[in-house]
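Structure below is query.cif: mmCIF, C-alpha atoms.
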```cif
data_structure
loop_
_atom_site.label_atom_id
_atom_site.label_comp_id
_atom_site.auth_asym_id
_atom_site.auth_seq_id
_atom_site.Cartn_x
_atom_site.Cartn_y
_atom_site.Cartn_z
CA MET K 1 -69.70 86.02 131.35
CA SER K 2 -73.11 87.24 130.31
CA PHE K 3 -73.72 90.87 129.37
CA THR K 4 -76.98 92.75 128.90
CA ILE K 5 -77.28 94.69 125.66
CA THR K 6 -79.41 97.78 126.20
CA PRO K 7 -81.59 99.20 123.42
CA GLU K 8 -79.22 102.18 123.31
CA LEU K 9 -76.20 99.92 122.62
CA GLU K 10 -78.21 97.97 120.06
CA ASN K 11 -78.98 101.28 118.32
CA TYR K 12 -75.30 102.28 118.33
CA ALA K 13 -74.36 98.94 116.78
CA HIS K 14 -77.14 99.23 114.21
CA GLY K 15 -75.94 102.74 113.32
CA VAL K 16 -72.43 101.39 112.72
CA LYS K 17 -73.91 98.69 110.47
CA GLU K 18 -76.01 101.17 108.50
CA LYS K 19 -73.25 103.76 108.07
CA TYR K 20 -70.13 101.58 107.79
CA GLY K 21 -71.29 98.01 107.11
CA VAL K 22 -69.88 96.39 110.27
CA PRO K 23 -72.19 93.58 111.49
CA GLU K 24 -73.90 94.39 114.79
CA SER K 25 -72.67 91.20 116.47
CA VAL K 26 -69.06 92.12 115.66
CA THR K 27 -69.47 95.68 116.97
CA LEU K 28 -71.13 94.52 120.19
CA GLY K 29 -68.66 91.66 120.69
CA GLN K 30 -65.69 93.98 120.27
CA ALA K 31 -67.26 96.63 122.55
CA ILE K 32 -67.68 94.02 125.28
CA TYR K 33 -64.17 92.61 124.79
CA GLU K 34 -62.40 95.97 124.51
CA SER K 35 -64.20 97.79 127.35
CA SER K 36 -65.99 95.17 129.45
CA LEU K 37 -69.22 96.72 128.19
CA GLY K 38 -68.17 100.22 129.18
CA GLN K 39 -66.64 99.31 132.52
CA SER K 40 -62.96 99.78 131.63
CA ASN K 41 -61.11 102.88 132.80
CA ILE K 42 -60.73 104.16 129.23
CA ALA K 43 -64.45 103.70 128.56
CA LYS K 44 -65.40 105.49 131.78
CA GLN K 45 -62.88 108.34 131.54
CA ALA K 46 -62.80 108.87 127.77
CA ASN K 47 -66.00 107.26 126.39
CA ASN K 48 -63.62 105.08 124.34
CA TRP K 49 -65.26 101.63 124.10
CA PHE K 50 -62.84 100.18 121.52
CA GLY K 51 -59.37 101.01 122.87
CA MET K 52 -58.54 103.32 119.98
CA LYS K 53 -55.31 105.27 120.35
CA GLY K 54 -54.72 108.85 119.28
CA THR K 55 -56.93 111.92 119.42
CA GLY K 56 -60.71 111.66 119.38
CA THR K 57 -63.44 114.27 119.07
CA ALA K 58 -62.79 115.45 122.66
CA GLY K 59 -59.00 115.15 122.57
CA SER K 60 -57.02 112.37 124.19
CA TYR K 61 -56.73 110.63 127.53
CA ASN K 62 -53.33 109.11 128.34
CA GLY K 63 -52.74 108.44 124.63
CA TRP K 64 -56.22 107.05 123.98
CA GLN K 65 -58.88 108.76 121.90
CA LYS K 66 -61.36 110.67 124.05
CA PHE K 67 -64.96 111.24 122.95
CA ASN K 68 -67.75 113.52 124.13
CA ASN K 69 -70.11 110.54 124.37
CA VAL K 70 -70.38 106.81 123.69
CA SER K 71 -72.08 107.37 120.34
CA GLU K 72 -68.99 109.16 119.02
CA SER K 73 -66.84 106.20 120.09
CA PHE K 74 -69.02 103.77 118.13
CA ASP K 75 -68.95 106.08 115.11
CA ALA K 76 -65.13 106.40 115.21
CA TYR K 77 -64.87 102.60 115.47
CA GLY K 78 -67.09 102.14 112.41
CA LYS K 79 -65.18 104.78 110.49
CA LEU K 80 -61.90 103.03 111.36
CA LEU K 81 -63.16 99.65 110.13
CA SER K 82 -64.48 101.19 106.91
CA LYS K 83 -60.92 101.97 105.81
CA ASP K 84 -59.54 99.90 102.94
CA ARG K 85 -56.92 98.24 105.15
CA TYR K 86 -59.84 96.43 106.86
CA THR K 87 -62.49 96.23 104.15
CA SER K 88 -60.03 94.56 101.78
CA HIS K 89 -59.99 91.68 104.30
CA THR K 90 -63.66 91.71 105.35
CA LYS K 91 -65.54 92.35 102.11
CA ASN K 92 -65.90 88.65 101.29
CA ALA K 93 -66.63 87.46 104.83
CA THR K 94 -69.66 85.20 105.11
CA THR K 95 -69.38 84.42 108.81
CA THR K 96 -68.64 86.32 111.99
CA ALA K 97 -65.37 84.42 112.41
CA GLU K 98 -64.25 85.38 108.88
CA TYR K 99 -65.18 89.01 109.51
CA LEU K 100 -63.23 89.14 112.77
CA GLN K 101 -60.24 87.42 111.16
CA GLY K 102 -60.36 90.02 108.40
CA ILE K 103 -60.17 92.81 110.97
CA VAL K 104 -57.16 91.16 112.59
CA ASN K 105 -55.55 90.58 109.18
CA GLY K 106 -56.02 94.30 108.49
CA GLY K 107 -53.91 95.08 111.54
CA TYR K 108 -56.54 95.87 114.18
CA CYS K 109 -54.54 94.05 116.84
CA SER K 110 -51.74 91.54 117.27
CA ASP K 111 -53.40 89.38 119.94
CA ALA K 112 -53.28 85.80 118.64
CA GLY K 113 -56.39 84.89 120.64
CA TYR K 114 -58.42 87.95 119.62
CA VAL K 115 -60.79 86.24 117.19
CA SER K 116 -61.54 83.31 119.49
CA ASN K 117 -62.01 85.61 122.52
CA VAL K 118 -64.45 87.92 120.73
CA LEU K 119 -66.26 84.94 119.14
CA LYS K 120 -66.72 83.41 122.58
CA ILE K 121 -68.34 86.65 123.79
CA ILE K 122 -70.56 86.77 120.68
CA ASN K 123 -71.64 83.14 121.11
CA ASP K 124 -72.03 83.23 124.90
CA ASN K 125 -74.25 86.32 124.64
CA ASN K 126 -76.12 85.31 121.46
CA LEU K 127 -75.07 88.58 119.81
CA GLU K 128 -75.78 87.37 116.27
CA GLN K 129 -79.46 87.91 117.06
CA TYR K 130 -78.77 91.64 116.61
CA ASN K 131 -77.55 91.27 113.01
CA THR K 132 -80.05 92.93 110.71
CA SER K 133 -78.65 91.77 107.37
CA GLN K 134 -76.23 89.54 105.52
CA TYR K 135 -72.51 89.93 105.40
CA LYS K 136 -71.43 91.84 102.28
CA GLY K 137 -69.57 88.85 100.88
CA SER K 138 -72.56 86.50 100.91
CA SER K 139 -73.34 84.82 97.64
CA SER K 140 -76.81 85.33 96.25
CA LEU K 141 -77.31 81.56 96.09
CA LEU K 142 -76.69 81.22 99.83
CA ASP K 143 -78.80 84.29 100.55
CA SER K 144 -81.70 82.81 98.58
CA ALA K 145 -81.38 79.44 100.27
CA GLY K 146 -81.17 81.08 103.68
CA SER K 147 -84.19 83.24 102.96
CA ILE K 148 -86.27 80.25 101.91
CA VAL K 149 -85.25 78.19 104.95
CA GLY K 150 -85.27 81.06 107.44
CA GLY K 151 -88.36 82.70 106.03
CA ILE K 152 -87.22 86.07 107.30
CA GLY K 153 -86.08 87.88 104.15
CA SER K 154 -83.10 90.17 104.44
CA ALA K 155 -82.77 89.68 108.19
CA VAL K 156 -81.78 86.02 107.79
CA THR K 157 -79.19 84.94 110.33
CA ASP K 158 -75.94 83.10 109.71
CA THR K 159 -77.54 79.98 111.19
CA ALA K 160 -80.41 80.08 108.69
CA LYS K 161 -77.95 80.70 105.84
CA ASN K 162 -75.89 77.70 106.91
CA VAL K 163 -78.99 75.49 107.11
CA GLY K 164 -80.10 76.81 103.71
CA ALA K 165 -76.69 76.09 102.21
CA LYS K 166 -76.75 72.55 103.62
CA ILE K 167 -80.22 71.90 102.23
CA LEU K 168 -79.16 73.30 98.86
CA THR K 169 -76.04 71.10 98.88
CA ALA K 170 -78.09 68.02 99.82
CA GLY K 171 -80.49 68.82 96.97
CA PHE K 172 -77.62 68.92 94.48
CA ILE K 173 -76.26 65.61 95.78
CA ILE K 174 -79.68 63.95 95.47
CA LEU K 175 -80.06 65.35 91.96
CA ALA K 176 -76.61 63.98 91.01
CA VAL K 177 -77.49 60.53 92.38
CA ILE K 178 -80.79 60.46 90.46
CA LEU K 179 -79.04 61.51 87.23
CA GLY K 180 -76.40 58.84 87.83
CA ILE K 181 -79.06 56.15 88.29
CA LEU K 182 -80.87 57.29 85.13
CA CYS K 183 -77.61 57.16 83.14
CA ILE K 184 -76.85 53.64 84.42
CA ALA K 185 -80.40 52.51 83.67
CA LYS K 186 -80.13 53.96 80.15
CA ALA K 187 -76.78 52.21 79.61
CA PHE K 188 -78.22 48.81 80.58
CA GLU K 189 -81.47 49.30 78.70
CA GLY K 190 -82.13 46.31 76.50
CA VAL K 191 -79.40 44.12 78.09
CA ASP K 192 -80.71 40.68 79.08
#
```

Could you render the structure from this file as structure tokens?
Amino acid sequence: MSFTITPELENYAHGVKEKYGVPESVTLGQAIYESSLGQSNIAKQANNWFGMKGTGTAGSYNGWQKFNNVSESFDAYGKLLSKDRYTSHTKNATTTAEYLQGIVNGGYCSDAGYVSNVLKIINDNNLEQYNTSQYKGSSSLLDSAGSIVGGIGSAVTDTAKNVGAKILTAGFIILAVILGILCIAKAFEGVD
């Protein structure tokens, strides 16, 4: 199913990224999955777009956190995922799948299909286009390769990083082959 991301939702997701480090595609994918993009009963009645239980800034609604507005829901979600129980599993993530798996490993939910369901939403709706920066766990070598290939500086996408990494790997393989040939040539130098 295709969803339309409004500029307002994009801004909420970007705010979560800036304040708490959660990639925009993950925030948007989870918001769609958890609330059907704000169409669930909890989202409509309590402004709770992430199915968070307990008491929110405006109290609770049938055991779910209730918020004064959608922005507060996104902020509470980001704050939740910034806790060590999640960041200890997401800090080295280099892909969206790894990041989502880290959230699940931190105890966000027990749904065995959660990662694949949210990834499907992210992929079907091209949500990675909203990511404004690298994952925290990216290596500088991959970031550099992605930046060169993608040509878009710090806003390089996972796709560009993967292409950059593949080009870098191919370069190392070619270099190893050339060095191997030179060593063999040197070994047989002067042999008739």

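Going from atom CA of K:Glu34 to atom CA of K:Ser88 covers 22.9 Å.
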
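Residues selected in this file by the PyMOL selection byres ((chain K and resi 97) around 10) comprise Val26, Ala93, Thr94, Thr95, Thr96, Glu98, Tyr99, Leu100, Gln101, Gly102, Ile103, Val115, Ser116, Val118 and Leu119 of chain K.
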
Checklist entry - Neighbours of K:Gly59 within 12 Å (all atoms listed in the file; same-chain residues fewer than 5 positions away dropped), as a PyMOL selection string? => result chain K and resi 45-48+53-54+64-68

Item to check | Proximity to K:Tyr130 - best of K:Leu28, K:Leu182, K:Val16, K:Val104, all atoms listed in the file | outcome: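 Among the listed residues, the smallest separation from K:Tyr130 belongs to K:Leu28.
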
Checklist entry - Quick one: of K:Asn123, K:Asn105, K:Gln129, K:Thr169, who's nearest to K:His14, counting all atoms listed in the file? => result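 Closest to K:His14 of all the choices is K:Gln129.
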
Next on the checklist: So, with all atoms listed in the file as the atoms that count, which of K:Gly15, K:Pro23, K:Pro7, K:Gly106 lies closest to K:Ser73?
Outcome noted: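 Among the listed residues, the smallest separation from K:Ser73 belongs to K:Gly15.
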
Might you pull out every residue within 12 Å of K:Leu80, with all atoms listed in the file counted and same-chain residues fewer than 6 positions away left off, and present them as a PDB file with C-alpha atoms, keeping the file's coordinate frame?
```pdb
ATOM      1  CA  VAL K  16     -72.430 101.390 112.720  1.00  0.00           C
ATOM      2  CA  LYS K  19     -73.250 103.760 108.070  1.00  0.00           C
ATOM      3  CA  TYR K  20     -70.130 101.580 107.790  1.00  0.00           C
ATOM      4  CA  GLY K  21     -71.290  98.010 107.110  1.00  0.00           C
ATOM      5  CA  VAL K  22     -69.880  96.390 110.270  1.00  0.00           C
ATOM      6  CA  THR K  27     -69.470  95.680 116.970  1.00  0.00           C
ATOM      7  CA  PHE K  50     -62.840 100.180 121.520  1.00  0.00           C
ATOM      8  CA  GLY K  51     -59.370 101.010 122.870  1.00  0.00           C
ATOM      9  CA  MET K  52     -58.540 103.320 119.980  1.00  0.00           C
ATOM     10  CA  LYS K  53     -55.310 105.270 120.350  1.00  0.00           C
ATOM     11  CA  GLY K  56     -60.710 111.660 119.380  1.00  0.00           C
ATOM     12  CA  SER K  73     -66.840 106.200 120.090  1.00  0.00           C
ATOM     13  CA  PHE K  74     -69.020 103.770 118.130  1.00  0.00           C
ATOM     14  CA  TYR K  86     -59.840  96.430 106.860  1.00  0.00           C
ATOM     15  CA  THR K  87     -62.490  96.230 104.150  1.00  0.00           C
ATOM     16  CA  ILE K 103     -60.170  92.810 110.970  1.00  0.00           C
ATOM     17  CA  GLY K 106     -56.020  94.300 108.490  1.00  0.00           C
ATOM     18  CA  GLY K 107     -53.910  95.080 111.540  1.00  0.00           C
ATOM     19  CA  TYR K 108     -56.540  95.870 114.180  1.00  0.00           C
TER      20      TYR K 108
END
```

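Reported to one decimal place, the separation of atom CA of K:Asn131 from atom CA of K:Lys17 is 8.6 Å.
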
Item to check | Counting all atoms listed in the file, the residue of K:Ile42, K:Tyr61, K:Glu18, K:Ser133 that sits nearest K:Lys79 | outcome: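 Of K:Ile42, K:Tyr61, K:Glu18, K:Ser133, the one nearest K:Lys79, counting all atoms listed in the file, is K:Glu18.
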
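Straight-line separation from atom CA of K:Tyr77 to atom CA of K:Gln39: 17.5 Å.
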
Checklist entry - So which one's closest to K:Asn41, K:Glu189, K:Lys91, K:Asn62, K:Ile167? Using only C-alpha atoms, please. => result K:Asn62

Checklist entry - Between K:Ser36, K:Ala13, K:His89, K:Tyr114, which is the closest to K:Asp75 once you count only C-alpha atoms? => result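 Distance minimum relative to K:Asp75 lands on K:Ala13.
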
What would stretch 20-41 of chain K look like with N, CA, C and O atoms restored, written as a compact mmCIF listing (two decimals), in the coordinates of the input?
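Once written, selection39.txt looks like this:
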```txt
# COMPACT_ATOMS: atom_id res chain seq x y z
N TYR K 20 -71.45 102.09 108.17
CA TYR K 20 -70.13 101.58 107.79
C TYR K 20 -70.11 100.11 107.38
O TYR K 20 -69.08 99.62 106.95
N GLY K 21 -71.21 99.40 107.56
CA GLY K 21 -71.29 98.01 107.11
C GLY K 21 -70.74 96.97 108.08
O GLY K 21 -70.61 95.81 107.71
N VAL K 22 -70.42 97.34 109.30
CA VAL K 22 -69.88 96.39 110.27
C VAL K 22 -71.06 95.66 110.93
O VAL K 22 -71.96 96.30 111.48
N PRO K 23 -71.09 94.33 110.89
CA PRO K 23 -72.19 93.58 111.49
C PRO K 23 -72.35 93.93 112.98
O PRO K 23 -71.37 94.09 113.70
N GLU K 24 -73.59 94.02 113.41
CA GLU K 24 -73.90 94.39 114.79
C GLU K 24 -73.25 93.46 115.80
O GLU K 24 -72.74 93.91 116.83
N SER K 25 -73.25 92.16 115.52
CA SER K 25 -72.67 91.20 116.47
C SER K 25 -71.17 91.45 116.65
O SER K 25 -70.64 91.31 117.76
N VAL K 26 -70.49 91.84 115.58
CA VAL K 26 -69.06 92.12 115.66
C VAL K 26 -68.83 93.38 116.49
O VAL K 26 -67.98 93.41 117.40
N THR K 27 -69.60 94.43 116.21
CA THR K 27 -69.47 95.68 116.97
C THR K 27 -69.72 95.45 118.45
O THR K 27 -68.93 95.88 119.31
N LEU K 28 -70.80 94.76 118.78
CA LEU K 28 -71.13 94.52 120.19
C LEU K 28 -70.10 93.61 120.85
O LEU K 28 -69.69 93.85 121.99
N GLY K 29 -69.67 92.57 120.14
CA GLY K 29 -68.66 91.66 120.69
C GLY K 29 -67.35 92.38 120.98
O GLY K 29 -66.73 92.18 122.03
N GLN K 30 -66.93 93.24 120.06
CA GLN K 30 -65.69 93.98 120.27
C GLN K 30 -65.86 95.01 121.39
O GLN K 30 -64.94 95.21 122.18
N ALA K 31 -67.01 95.65 121.49
CA ALA K 31 -67.26 96.63 122.55
C ALA K 31 -67.17 95.95 123.91
O ALA K 31 -66.57 96.49 124.86
N ILE K 32 -67.74 94.77 124.02
CA ILE K 32 -67.68 94.02 125.28
C ILE K 32 -66.23 93.62 125.58
O ILE K 32 -65.74 93.82 126.69
N TYR K 33 -65.54 93.08 124.59
CA TYR K 33 -64.17 92.61 124.79
C TYR K 33 -63.22 93.77 125.12
O TYR K 33 -62.40 93.67 126.03
N GLU K 34 -63.33 94.85 124.36
CA GLU K 34 -62.40 95.97 124.51
C GLU K 34 -62.65 96.79 125.77
O GLU K 34 -61.72 97.38 126.31
N SER K 35 -63.90 96.89 126.23
CA SER K 35 -64.20 97.79 127.35
C SER K 35 -64.97 97.15 128.50
O SER K 35 -65.41 97.85 129.40
N SER K 36 -65.14 95.85 128.46
CA SER K 36 -65.99 95.17 129.45
C SER K 36 -67.36 95.84 129.52
O SER K 36 -67.87 96.16 130.59
N LEU K 37 -67.92 96.08 128.35
CA LEU K 37 -69.22 96.72 128.19
C LEU K 37 -69.26 98.07 128.91
O LEU K 37 -70.16 98.39 129.66
N GLY K 38 -68.23 98.87 128.64
CA GLY K 38 -68.17 100.22 129.18
C GLY K 38 -67.64 100.35 130.59
O GLY K 38 -67.65 101.44 131.15
N GLN K 39 -67.12 99.28 131.14
CA GLN K 39 -66.64 99.31 132.52
C GLN K 39 -65.14 99.55 132.64
O GLN K 39 -64.64 99.76 133.75
N SER K 40 -64.40 99.55 131.54
CA SER K 40 -62.96 99.78 131.63
C SER K 40 -62.69 101.24 131.97
O SER K 40 -63.54 102.12 131.79
N ASN K 41 -61.50 101.52 132.45
CA ASN K 41 -61.11 102.88 132.80
C ASN K 41 -61.19 103.80 131.59
O ASN K 41 -61.68 104.93 131.69
```
